[in-house]
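Okay, coords-v9.tsv now, which holds TSV, C-alpha atoms:
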```tsv
chain	number	residue	atom	x	y	z
A	44	MET	CA	-3.01	-30.80	13.20
A	45	SER	CA	0.74	-30.79	13.61
A	46	VAL	CA	1.21	-28.97	10.30
A	47	TYR	CA	-1.24	-26.29	11.40
A	48	ASN	CA	0.63	-25.74	14.71
A	49	LYS	CA	3.93	-25.32	12.90
A	50	SER	CA	2.51	-22.47	10.89
A	51	ASP	CA	1.09	-20.48	13.79
A	52	VAL	CA	3.46	-17.65	12.87
A	53	HIS	CA	3.37	-15.15	10.07
A	54	PRO	CA	6.02	-14.99	7.38
A	55	SER	CA	8.13	-11.85	7.68
A	56	THR	CA	7.68	-11.25	3.95
A	57	PHE	CA	5.49	-12.29	1.05
A	58	ILE	CA	6.75	-12.85	-2.49
A	59	LEU	CA	4.72	-11.31	-5.31
A	60	ILE	CA	5.01	-13.39	-8.50
A	61	GLY	CA	3.36	-10.97	-10.91
A	62	ILE	CA	1.46	-12.59	-13.77
A	63	PRO	CA	2.06	-16.38	-13.63
A	64	GLY	CA	3.27	-17.84	-16.91
A	65	LEU	CA	4.12	-14.43	-18.35
A	66	GLU	CA	7.26	-13.69	-16.34
A	67	ALA	CA	9.34	-13.39	-19.54
A	68	ALA	CA	7.01	-10.67	-20.82
A	69	HIS	CA	6.96	-8.62	-17.60
A	70	MET	CA	9.34	-6.01	-19.00
A	71	TRP	CA	7.15	-5.42	-22.05
A	72	ILE	CA	3.93	-5.44	-20.02
A	73	SER	CA	5.43	-2.83	-17.69
A	74	ILE	CA	5.70	-0.26	-20.51
A	75	PRO	CA	1.94	0.38	-20.99
A	76	PHE	CA	1.43	0.07	-17.22
A	77	CYS	CA	4.05	2.77	-16.61
A	78	VAL	CA	2.61	5.06	-19.31
A	79	VAL	CA	-0.92	4.69	-17.94
A	80	TYR	CA	0.31	5.41	-14.40
A	81	ILE	CA	2.12	8.59	-15.49
A	82	LEU	CA	-0.98	9.75	-17.39
A	83	ALA	CA	-3.10	9.05	-14.29
A	84	LEU	CA	-0.73	11.12	-12.11
A	85	VAL	CA	-0.58	14.03	-14.56
A	86	GLY	CA	-4.32	13.96	-15.33
A	87	ASN	CA	-5.56	13.83	-11.75
A	88	CYS	CA	-3.03	16.37	-10.45
A	89	SER	CA	-4.00	18.72	-13.31
A	90	LEU	CA	-7.68	18.22	-12.50
A	91	LEU	CA	-7.09	19.03	-8.83
A	92	PHE	CA	-5.07	22.13	-9.73
A	93	ILE	CA	-7.67	23.43	-12.21
A	94	ILE	CA	-10.60	22.97	-9.83
A	95	LYS	CA	-8.70	24.44	-6.86
A	96	THR	CA	-7.58	27.57	-8.74
A	97	ASP	CA	-10.92	28.32	-10.44
A	98	SER	CA	-13.58	29.49	-7.98
A	99	SER	CA	-16.33	28.98	-10.59
A	100	LEU	CA	-15.65	25.23	-10.34
A	101	HIS	CA	-16.19	25.11	-6.58
A	102	GLU	CA	-19.53	23.36	-7.05
A	103	PRO	CA	-20.62	20.01	-5.53
A	104	MET	CA	-20.05	18.01	-8.74
A	105	TYR	CA	-16.47	19.24	-9.11
A	106	LEU	CA	-15.72	18.95	-5.40
A	107	PHE	CA	-16.83	15.30	-5.50
A	108	LEU	CA	-14.66	14.93	-8.60
A	109	CYS	CA	-11.66	16.23	-6.59
A	110	MET	CA	-12.36	13.66	-3.88
A	111	LEU	CA	-12.53	10.94	-6.54
A	112	ALA	CA	-9.22	12.13	-8.01
A	113	VAL	CA	-7.49	11.90	-4.62
A	114	ALA	CA	-8.85	8.37	-4.07
A	115	ASP	CA	-7.70	7.39	-7.58
A	116	LEU	CA	-4.20	8.70	-6.88
A	117	VAL	CA	-3.97	6.76	-3.60
A	118	VAL	CA	-5.18	3.50	-5.18
A	119	CYS	CA	-2.82	3.49	-8.16
A	120	THR	CA	0.16	4.87	-6.21
A	121	THR	CA	-0.28	2.20	-3.54
A	122	ALA	CA	0.03	-0.60	-6.10
A	123	VAL	CA	1.90	0.56	-9.21
A	124	PRO	CA	5.39	1.52	-7.87
A	125	LYS	CA	5.78	-1.93	-6.31
A	126	LEU	CA	4.37	-3.53	-9.46
A	127	LEU	CA	6.95	-1.73	-11.62
A	128	SER	CA	9.72	-2.69	-9.19
A	129	LEU	CA	8.62	-6.32	-9.58
A	130	PHE	CA	8.52	-6.13	-13.38
A	131	TRP	CA	11.77	-4.18	-13.81
A	132	PHE	CA	14.01	-5.55	-11.07
A	133	GLN	CA	12.32	-8.87	-10.14
A	134	ASP	CA	11.82	-7.35	-6.68
A	135	GLY	CA	8.75	-9.26	-5.58
A	136	GLU	CA	9.51	-9.26	-1.86
A	137	ILE	CA	7.12	-7.24	0.28
A	138	PRO	CA	7.10	-7.10	4.12
A	139	PHE	CA	4.10	-8.66	5.87
A	140	GLU	CA	2.95	-5.33	7.38
A	141	ALA	CA	3.40	-3.49	4.07
A	142	CYS	CA	1.30	-6.13	2.33
A	143	LEU	CA	-1.54	-5.68	4.83
A	144	THR	CA	-1.28	-1.90	4.46
A	145	GLN	CA	-1.56	-2.27	0.70
A	146	VAL	CA	-4.68	-4.44	1.14
A	147	PHE	CA	-6.30	-1.80	3.36
A	148	LEU	CA	-5.47	1.22	1.18
A	149	ILE	CA	-6.49	-0.39	-2.11
A	150	HIS	CA	-9.78	-1.81	-0.84
A	151	SER	CA	-10.79	1.14	1.35
A	152	CYS	CA	-10.03	3.76	-1.33
A	153	SER	CA	-11.82	1.66	-3.97
A	154	THR	CA	-14.84	1.68	-1.66
A	155	MET	CA	-14.52	5.46	-1.34
A	156	GLU	CA	-14.43	5.78	-5.14
A	157	SER	CA	-17.74	3.93	-5.33
A	158	GLY	CA	-19.20	6.29	-2.72
A	159	PHE	CA	-18.04	9.36	-4.65
A	160	PHE	CA	-19.74	7.99	-7.80
A	161	LEU	CA	-22.96	7.71	-5.80
A	162	ALA	CA	-22.53	11.26	-4.45
A	163	MET	CA	-22.03	12.55	-8.00
A	164	ALA	CA	-25.17	10.69	-9.13
A	165	PHE	CA	-27.11	12.31	-6.26
A	166	ASP	CA	-25.80	15.72	-7.35
A	167	ARG	CA	-27.04	15.08	-10.92
A	168	TYR	CA	-30.41	13.90	-9.56
A	169	VAL	CA	-30.91	17.06	-7.51
A	170	ALA	CA	-29.63	19.34	-10.32
A	171	ILE	CA	-32.04	17.83	-12.88
A	172	CYS	CA	-35.06	16.76	-10.81
A	173	ASN	CA	-35.05	19.65	-8.33
A	174	PRO	CA	-32.92	22.41	-9.92
A	175	LEU	CA	-34.37	25.33	-7.94
A	176	ARG	CA	-33.27	23.78	-4.64
A	177	HIS	CA	-29.89	22.43	-5.80
A	178	SER	CA	-27.85	25.23	-4.23
A	179	THR	CA	-29.75	25.05	-0.93
A	180	ILE	CA	-29.65	21.25	-0.64
A	181	LEU	CA	-26.02	20.70	-1.68
A	182	THR	CA	-24.23	23.49	0.13
A	183	HIS	CA	-20.46	23.35	0.67
A	184	THR	CA	-21.08	22.16	4.23
A	185	VAL	CA	-23.37	19.34	3.10
A	186	THR	CA	-20.92	18.39	0.33
A	187	GLY	CA	-18.08	18.21	2.85
A	188	ARG	CA	-20.15	16.09	5.23
A	189	ILE	CA	-21.10	13.67	2.45
A	190	GLY	CA	-17.44	13.35	1.49
A	191	LEU	CA	-16.43	12.78	5.11
A	192	ALA	CA	-19.16	10.13	5.54
A	193	ILE	CA	-17.90	8.29	2.44
A	194	VAL	CA	-14.31	8.33	3.73
A	195	LEU	CA	-15.37	7.12	7.19
A	196	ARG	CA	-17.48	4.35	5.65
A	197	GLY	CA	-14.47	3.09	3.71
A	198	ILE	CA	-12.20	3.22	6.76
A	199	VAL	CA	-14.66	1.60	9.19
A	200	LEU	CA	-15.83	-1.23	6.92
A	201	LEU	CA	-12.40	-2.08	5.53
A	202	SER	CA	-10.29	-1.67	8.70
A	203	PRO	CA	-11.06	-5.25	9.80
A	204	HIS	CA	-9.53	-6.67	6.59
A	205	PRO	CA	-5.85	-6.37	7.65
A	206	PHE	CA	-6.65	-7.81	11.09
A	207	LEU	CA	-8.63	-10.71	9.61
A	208	LEU	CA	-5.62	-11.52	7.44
A	209	SER	CA	-2.99	-10.99	10.16
A	210	TRP	CA	-4.67	-13.56	12.43
A	211	LEU	CA	-4.41	-16.27	9.76
A	212	PRO	CA	-1.53	-18.80	9.57
A	213	TYR	CA	0.27	-19.11	6.24
A	214	CYS	CA	1.77	-22.59	6.36
A	215	ARG	CA	1.47	-23.55	2.70
A	216	THR	CA	3.51	-20.80	1.09
A	217	ASN	CA	4.35	-17.11	1.27
A	218	ILE	CA	4.13	-16.75	-2.52
A	219	ILE	CA	1.28	-14.53	-3.81
A	220	PHE	CA	0.31	-15.16	-7.42
A	221	HIS	CA	-0.55	-11.55	-8.13
A	222	THR	CA	1.04	-8.18	-8.86
A	223	TYR	CA	-0.09	-6.64	-5.56
A	224	CYS	CA	-1.52	-7.74	-2.22
A	225	GLU	CA	-5.23	-8.40	-2.49
A	226	PHE	CA	-7.59	-9.71	0.19
A	227	MET	CA	-8.70	-12.82	-1.70
A	228	ALA	CA	-5.17	-13.57	-2.94
A	229	LEU	CA	-4.01	-13.81	0.70
A	230	ILE	CA	-7.08	-15.77	1.76
A	231	LYS	CA	-6.24	-18.40	-0.86
A	232	ILE	CA	-2.77	-19.11	0.54
A	233	ALA	CA	-3.88	-19.32	4.20
A	234	CYS	CA	-4.06	-22.77	5.80
A	235	ALA	CA	-7.07	-22.25	8.04
A	236	GLU	CA	-10.84	-22.01	7.77
A	237	THR	CA	-11.64	-18.75	5.96
A	238	SER	CA	-15.38	-18.99	5.28
A	239	ILE	CA	-16.27	-16.30	7.86
A	240	ARG	CA	-13.65	-13.93	6.43
A	241	ARG	CA	-14.89	-14.59	2.89
A	242	ALA	CA	-18.47	-13.94	4.00
A	243	TYR	CA	-17.48	-10.66	5.67
A	244	SER	CA	-15.67	-9.54	2.51
A	245	LEU	CA	-18.70	-10.45	0.40
A	246	ILE	CA	-21.08	-8.55	2.72
A	247	VAL	CA	-18.84	-5.46	2.71
A	248	ALA	CA	-18.60	-5.57	-1.09
A	249	PHE	CA	-22.40	-5.71	-1.36
A	250	LEU	CA	-22.99	-2.97	1.24
A	251	THR	CA	-20.60	-0.65	-0.59
A	252	GLY	CA	-20.18	-1.28	-4.30
A	253	GLY	CA	-23.40	-3.28	-4.70
A	254	VAL	CA	-25.72	-0.89	-2.86
A	255	ASP	CA	-23.99	2.14	-4.41
A	256	PHE	CA	-24.50	0.73	-7.91
A	257	ILE	CA	-28.19	-0.02	-7.23
A	258	LEU	CA	-28.75	3.53	-5.91
A	259	ILE	CA	-26.91	5.02	-8.90
A	260	ILE	CA	-29.23	3.09	-11.24
A	261	CYS	CA	-32.27	4.29	-9.27
A	262	SER	CA	-31.08	7.90	-9.48
A	263	TYR	CA	-30.68	7.64	-13.25
A	264	VAL	CA	-34.12	6.05	-13.64
A	265	LEU	CA	-35.57	9.11	-11.87
A	266	ILE	CA	-33.36	11.42	-13.96
A	267	LEU	CA	-34.49	9.80	-17.22
A	268	ASN	CA	-38.11	10.02	-16.11
A	269	THR	CA	-37.68	13.76	-15.56
A	270	VAL	CA	-35.73	14.29	-18.80
A	271	PHE	CA	-38.31	12.55	-21.01
A	272	HIS	CA	-41.00	14.85	-19.60
A	273	LEU	CA	-39.14	17.97	-20.76
A	274	PRO	CA	-41.01	19.86	-23.48
A	275	SER	CA	-38.33	20.10	-26.20
A	276	LYS	CA	-35.85	17.70	-27.75
A	277	ASP	CA	-33.00	20.23	-27.35
A	278	ALA	CA	-33.69	20.53	-23.63
A	279	ARG	CA	-33.68	16.74	-23.28
A	280	LEU	CA	-30.38	16.38	-25.15
A	281	LYS	CA	-28.74	19.23	-23.23
A	282	THR	CA	-29.81	17.77	-19.88
A	283	LEU	CA	-28.65	14.27	-20.80
A	284	GLY	CA	-25.33	15.76	-21.93
A	285	THR	CA	-24.62	16.94	-18.38
A	286	CYS	CA	-24.78	13.29	-17.25
A	287	GLY	CA	-22.66	11.86	-20.07
A	288	SER	CA	-19.28	12.19	-18.34
A	289	HIS	CA	-20.56	10.59	-15.14
A	290	VAL	CA	-22.12	7.63	-16.96
A	291	CYS	CA	-18.92	7.00	-18.97
A	292	VAL	CA	-16.76	7.07	-15.81
A	293	ILE	CA	-19.14	4.70	-13.98
A	294	LEU	CA	-19.03	2.18	-16.86
A	295	VAL	CA	-15.22	2.35	-17.07
A	296	SER	CA	-14.86	1.82	-13.31
A	297	TYR	CA	-17.58	-0.66	-12.42
A	298	THR	CA	-17.14	-3.06	-15.38
A	299	PRO	CA	-13.61	-4.32	-14.48
A	300	ALA	CA	-14.40	-4.02	-10.75
A	301	PHE	CA	-17.38	-6.38	-10.96
A	302	PHE	CA	-15.54	-8.76	-13.29
A	303	SER	CA	-12.54	-8.91	-10.94
A	304	PHE	CA	-14.76	-9.41	-7.89
A	305	LEU	CA	-16.88	-12.16	-9.46
A	306	THR	CA	-13.99	-14.11	-11.02
A	307	HIS	CA	-12.04	-14.10	-7.74
A	308	ARG	CA	-14.95	-15.66	-5.85
A	309	PHE	CA	-16.92	-17.63	-8.42
A	310	GLY	CA	-14.92	-17.80	-11.67
A	311	HIS	CA	-12.91	-20.94	-10.99
A	312	LYS	CA	-12.51	-21.61	-14.73
A	313	VAL	CA	-11.06	-18.15	-15.46
A	314	THR	CA	-7.28	-18.37	-15.88
A	315	PRO	CA	-5.11	-16.46	-13.36
A	316	GLN	CA	-3.58	-14.40	-16.17
A	317	VAL	CA	-7.00	-13.05	-17.19
A	318	HIS	CA	-8.01	-12.27	-13.62
A	319	ILE	CA	-4.74	-10.49	-12.80
A	320	PHE	CA	-4.88	-8.44	-16.02
A	321	VAL	CA	-8.43	-7.32	-15.24
A	322	ALA	CA	-7.49	-6.55	-11.62
A	323	ASN	CA	-4.66	-4.32	-12.87
A	324	ILE	CA	-6.90	-2.66	-15.45
A	325	TYR	CA	-9.30	-1.84	-12.61
A	326	LEU	CA	-6.50	-0.14	-10.66
A	327	LEU	CA	-4.88	1.67	-13.59
A	328	VAL	CA	-7.40	2.54	-16.30
A	329	PRO	CA	-10.14	4.40	-14.36
A	330	PRO	CA	-7.65	6.82	-12.68
A	331	MET	CA	-6.23	7.59	-16.14
A	332	VAL	CA	-9.58	7.84	-17.95
A	333	ASN	CA	-11.57	9.83	-15.37
A	334	PRO	CA	-9.75	13.17	-15.82
A	335	ILE	CA	-9.66	12.68	-19.61
A	336	ILE	CA	-13.42	12.07	-19.81
A	337	TYR	CA	-14.25	15.03	-17.58
A	338	GLY	CA	-11.67	17.21	-19.30
A	339	VAL	CA	-13.05	16.48	-22.78
A	340	ARG	CA	-16.78	16.37	-21.99
A	341	THR	CA	-17.05	19.10	-19.32
A	342	LYS	CA	-16.94	22.55	-20.91
A	343	ASN	CA	-15.87	24.46	-17.77
A	344	ILE	CA	-12.90	22.16	-17.07
A	345	ARG	CA	-11.92	22.03	-20.74
A	346	ASN	CA	-11.95	25.83	-21.09
A	347	ARG	CA	-9.98	26.30	-17.88
A	348	PHE	CA	-7.39	23.74	-18.98
A	349	LEU	CA	-6.98	25.44	-22.38
A	350	LYS	CA	-6.59	28.82	-20.65
A	351	VAL	CA	-3.87	27.45	-18.35
A	352	PHE	CA	-2.17	25.72	-21.29
A	353	ARG	CA	-2.20	28.90	-23.41
A	354	PHE	CA	-0.85	30.97	-20.52
A	355	SER	CA	1.95	28.45	-19.93
A	356	LYS	CA	2.79	28.43	-23.65
A	357	PHE	CA	2.79	32.27	-23.79
A	358	THR	CA	5.05	32.47	-20.72
A	359	ASN	CA	7.51	30.01	-22.25
A	360	LEU	CA	7.63	31.97	-25.53
A	361	ASN	CA	8.33	35.20	-23.64
A	362	TRP	CA	10.97	33.47	-21.55
A	363	PHE	CA	12.85	32.09	-24.55
A	364	GLY	CA	12.12	35.16	-26.64
```
Would you write the structure of this file as structure tokens?
Amino acid sequence: MSVYNKSDVHPSTFILIGIPGLEAAHMWISIPFCVVYILALVGNCSLLFIIKTDSSLHEPMYLFLCMLAVADLVVCTTAVPKLLSLFWFQDGEIPFEACLTQVFLIHSCSTMESGFFLAMAFDRYVAICNPLRHSTILTHTVTGRIGLAIVLRGIVLLSPHPFLLSWLPYCRTNIIFHTYCEFMALIKIACAETSIRRAYSLIVAFLTGGVDFILIICSYVLILNTVFHLPSKDARLKTLGTCGSHVCVILVSYTPAFFSFLTHRFGHKVTPQVHIFVANIYLLVPPMVNPIIYGVRTKNIRNRFLKVFRFSKFTNLNWFG
């Protein structure tokens, strides 16, 4: 009891360790992380620019894609600059308040990403299963309200996380064995009963990512049912092709997310190095891959990008000519 009373204050800073046991390789590991981060920034900013400047892309699917791109940018920018500072300059110190802010932004925006995936699945469902009413059901107003509801859900459900962590005493250590501040990483170094906080985190994860994933699967079951009743093989392939980008992005995003979530709570035999690598892949790879997948597989975005690229190239030739 005396030890607990001594710790009834918060440390002014936490110390991020990075990847335990691989400290000597941090500099080398930082190279692909930095490259992926730059590609994510360039890809998502390009995607936002292309969709904003082309009025033909102001459709629900692309508007939801813009919202996803913004959430991706917030998630990776919240974590990666500090991660690179840690790897390059051994600067693992992070203020207590900044750590809690990082927890909130990463978890809330990740929840928003899941919601935007569900919104995009709903758009595909309406477009394929009820095409004649697509434009009347998903108007710009409805699209904006869905986006706002997803953002509010992320803020409301994840706002308690920083407070739940700030009320905990940290008497054992202020060292976090991770590359960024994560809810469960902080829970593990607290010296108080955390079962209620763990339960709340589990419930929120199920109500957001879990329910979203179940509804996405249901929407695609209905989509496939409609597609397989189409009269011709060409029509079936063309319709399925419109869903290809979305399915690829969902697989890239949800696979590391579920692995990271399950290993943190139930995978006691998984080494910390594996968990931290997967957690970083979840933050870095989807934001980089999403614009690439949509850029390559979506004809409208691909054509617009090539048009902008050709115009930029022509302007540069005239300038230097």
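Of note, atom CA of Val264 of chain A and atom CA of Lys276 of chain A are spaced 18.4 Å apart.
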Using only C-alpha atoms, what does the table of segment 61-173 of chain A residues within 10 Å of segment 335-339 of chain A look like, with each row giving the shortest atom pair and its distance in Å to one decimal, sorted by chain and ascending number, as CSV?
```
residue,atom,partner,partner_atom,distance
A:Leu82,CA,A:Ile335,CA,9.4
A:Ala83,CA,A:Ile335,CA,9.2
A:Gly86,CA,A:Ile335,CA,7.0
A:Asn87,CA,A:Ile335,CA,8.9
A:Ser89,CA,A:Gly338,CA,9.8
A:Leu90,CA,A:Gly338,CA,7.9
A:Tyr105,CA,A:Tyr337,CA,9.7
A:Leu108,CA,A:Tyr337,CA,9.0
```
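Atom CA of Ile324 of chain A is found 28.3 Å from atom CA of Pro103 of chain A.
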Name the residues in contact with Gly187 of chain A at a cut-off of 10 Å, using all atoms listed in the file, excluding same-chain residues fewer than 3 positions from it; report them as a PDB file with C-alpha atoms, keeping the file's coordinate frame.
```
ATOM      1  CA  PRO A 103     -20.620  20.010  -5.530  1.00  0.00           C
ATOM      2  CA  LEU A 106     -15.720  18.950  -5.400  1.00  0.00           C
ATOM      3  CA  PHE A 107     -16.830  15.300  -5.500  1.00  0.00           C
ATOM      4  CA  MET A 110     -12.360  13.660  -3.880  1.00  0.00           C
ATOM      5  CA  LEU A 181     -26.020  20.700  -1.680  1.00  0.00           C
ATOM      6  CA  THR A 182     -24.230  23.490   0.130  1.00  0.00           C
ATOM      7  CA  HIS A 183     -20.460  23.350   0.670  1.00  0.00           C
ATOM      8  CA  THR A 184     -21.080  22.160   4.230  1.00  0.00           C
ATOM      9  CA  GLY A 190     -17.440  13.350   1.490  1.00  0.00           C
ATOM     10  CA  LEU A 191     -16.430  12.780   5.110  1.00  0.00           C
ATOM     11  CA  ALA A 192     -19.160  10.130   5.540  1.00  0.00           C
ATOM     12  CA  ILE A 193     -17.900   8.290   2.440  1.00  0.00           C
TER      13      ILE A 193
END
```
Pick out the residues sitting within 10 Å of Ser153 of chain A, and hand them over as a ChimeraX atom specification; count all atoms listed in the file, and ignore anything fewer than 6 positions along from it in its own chain.
/A:111,114-115,117-118,147,159,197,251-252,296,300,325-326
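Residues with any atom within 10 Å of the point (-14.8, -11.0, -0.2), counting only C-alpha atoms, are His204, Phe226, Met227, Ile230, Ser238, Ile239, Arg240, Arg241, Ala242, Tyr243, Ser244, Leu245, Ile246, Val247, Ala248, Phe249, Phe304, Leu305, His307 and Arg308 of chain A.
Taking atom CA of Cys88 of chain A as the reference point, atom CA of Val332 of chain A is found at 13.1 Å.
Nearest-residue note for Cys224 of chain A: choosing from A:Gly135, A:Pro334, A:Pro329, A:Gly158, the minimum distance belongs to A:Gly135, counting only C-alpha atoms.
Using all atoms listed in the file, the shortest contact distance between Pro63 of chain A and any of A:Lys231, A:His289, A:His318, A:His101 is found at A:His318.
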Check the smallest atom-to-atom distance from each of A:Val328, A:Val169, A:Cys214, A:Ile319 to Tyr263 of chain A using all atoms listed in the file, then report the winner.
A:Val169
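The closest residue to Thr179 of chain A, picked from A:Ile72, A:Ser99, A:Asp166, A:Leu267 and counting all atoms listed in the file, is A:Asp166.
Here the question is which of A:His221, A:Arg279, A:His150, A:His272 gets nearest to Val321 of chain A using all atoms listed in the file, and that residue is A:His221.
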Could you pull the residues within 10 Å of Ile93 of chain A, counting all atoms listed in the file, minus those fewer than 4 positions along the same chain, as a list of chain:residue names?
A:Asn87, A:Cys88, A:Ser89, A:Asp97, A:Ser98, A:Leu100, A:Cys109, A:Asn343, A:Ile344, A:Arg345, A:Arg347, A:Phe348, A:Val351
Could the centre and edge lengths of an axis-aligned box, enclosing all atoms of segment 228-231 of chain A in the file with 3 Å extra on each side, be given in Å to one decimal as JSON?
```
{"center_x": -5.5, "center_y": -16.0, "center_z": -0.6, "size_x": 9.1, "size_y": 10.8, "size_z": 10.7}
```
Which polymer residues have any atom within 9 Å of an atom of Leu211 of chain A, counting all atoms listed in the file, with same-chain residues fewer than 3 positions away left out, as a PyMOL selection string?
chain A and resi 51-53+206-208+230+233-237
Write out as a PyMOL selection string each polymer residue whose atoms come within 9 Å of Gln316 of chain A, counting only C-alpha atoms; drop sequence neighbours fewer than 6 positions from it.
chain A and resi 62-65
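Checking A:Leu195, A:Ile74, A:Leu116, A:Ile180 one by one against Phe165 of chain A, counting only C-alpha atoms, you find the shortest gap at A:Ile180.
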Just add N, CA, C and O atoms to segment 94-108 of chain A and send it as an mmCIF file, keeping the file's coordinate frame.
```
data_model
loop_
_atom_site.group_PDB
_atom_site.id
_atom_site.type_symbol
_atom_site.label_atom_id
_atom_site.label_comp_id
_atom_site.auth_asym_id
_atom_site.auth_seq_id
_atom_site.Cartn_x
_atom_site.Cartn_y
_atom_site.Cartn_z
ATOM 1 N N ILE A 94 -9.410 22.740 -10.660
ATOM 2 C CA ILE A 94 -10.600 22.970 -9.830
ATOM 3 C C ILE A 94 -10.266 23.833 -8.624
ATOM 4 O O ILE A 94 -11.046 24.714 -8.233
ATOM 5 N N LYS A 95 -9.088 23.648 -8.034
ATOM 6 C CA LYS A 95 -8.700 24.440 -6.860
ATOM 7 C C LYS A 95 -8.513 25.914 -7.205
ATOM 8 O O LYS A 95 -8.869 26.797 -6.430
ATOM 9 N N THR A 96 -7.935 26.193 -8.385
ATOM 10 C CA THR A 96 -7.580 27.570 -8.740
ATOM 11 C C THR A 96 -8.711 28.330 -9.426
ATOM 12 O O THR A 96 -8.585 29.537 -9.654
ATOM 13 N N ASP A 97 -9.797 27.650 -9.769
ATOM 14 C CA ASP A 97 -10.920 28.320 -10.440
ATOM 15 C C ASP A 97 -12.138 28.293 -9.517
ATOM 16 O O ASP A 97 -12.765 27.252 -9.328
ATOM 17 N N SER A 98 -12.477 29.427 -8.951
ATOM 18 C CA SER A 98 -13.580 29.490 -7.980
ATOM 19 C C SER A 98 -14.922 29.149 -8.613
ATOM 20 O O SER A 98 -15.845 28.713 -7.915
ATOM 21 N N SER A 99 -15.051 29.318 -9.939
ATOM 22 C CA SER A 99 -16.330 28.980 -10.590
ATOM 23 C C SER A 99 -16.577 27.476 -10.614
ATOM 24 O O SER A 99 -17.703 27.035 -10.867
ATOM 25 N N LEU A 100 -15.512 26.695 -10.366
ATOM 26 C CA LEU A 100 -15.650 25.230 -10.340
ATOM 27 C C LEU A 100 -15.844 24.685 -8.929
ATOM 28 O O LEU A 100 -15.842 23.470 -8.743
ATOM 29 N N HIS A 101 -16.001 25.571 -7.959
ATOM 30 C CA HIS A 101 -16.190 25.110 -6.580
ATOM 31 C C HIS A 101 -17.666 24.772 -6.349
ATOM 32 O O HIS A 101 -18.340 25.341 -5.478
ATOM 33 N N GLU A 102 -18.158 23.857 -7.141
ATOM 34 C CA GLU A 102 -19.530 23.360 -7.050
ATOM 35 C C GLU A 102 -19.491 21.906 -6.615
ATOM 36 O O GLU A 102 -18.468 21.236 -6.761
ATOM 37 N N PRO A 103 -20.618 21.387 -6.071
ATOM 38 C CA PRO A 103 -20.620 20.010 -5.530
ATOM 39 C C PRO A 103 -20.074 18.966 -6.500
ATOM 40 O O PRO A 103 -19.275 18.116 -6.111
ATOM 41 N N MET A 104 -20.492 19.026 -7.774
ATOM 42 C CA MET A 104 -20.050 18.010 -8.740
ATOM 43 C C MET A 104 -18.529 17.989 -8.860
ATOM 44 O O MET A 104 -17.901 16.915 -8.858
ATOM 45 N N TYR A 105 -17.917 19.163 -8.938
ATOM 46 C CA TYR A 105 -16.470 19.240 -9.110
ATOM 47 C C TYR A 105 -15.722 18.944 -7.814
ATOM 48 O O TYR A 105 -14.605 18.415 -7.840
ATOM 49 N N LEU A 106 -16.345 19.280 -6.686
ATOM 50 C CA LEU A 106 -15.720 18.950 -5.400
ATOM 51 C C LEU A 106 -15.707 17.430 -5.193
ATOM 52 O O LEU A 106 -14.712 16.869 -4.718
ATOM 53 N N PHE A 107 -16.811 16.767 -5.553
ATOM 54 C CA PHE A 107 -16.830 15.300 -5.500
ATOM 55 C C PHE A 107 -15.810 14.715 -6.482
ATOM 56 O O PHE A 107 -15.174 13.697 -6.193
ATOM 57 N N LEU A 108 -15.645 15.375 -7.614
ATOM 58 C CA LEU A 108 -14.660 14.930 -8.600
ATOM 59 C C LEU A 108 -13.241 15.033 -8.032
ATOM 60 O O LEU A 108 -12.401 14.158 -8.281
#
```
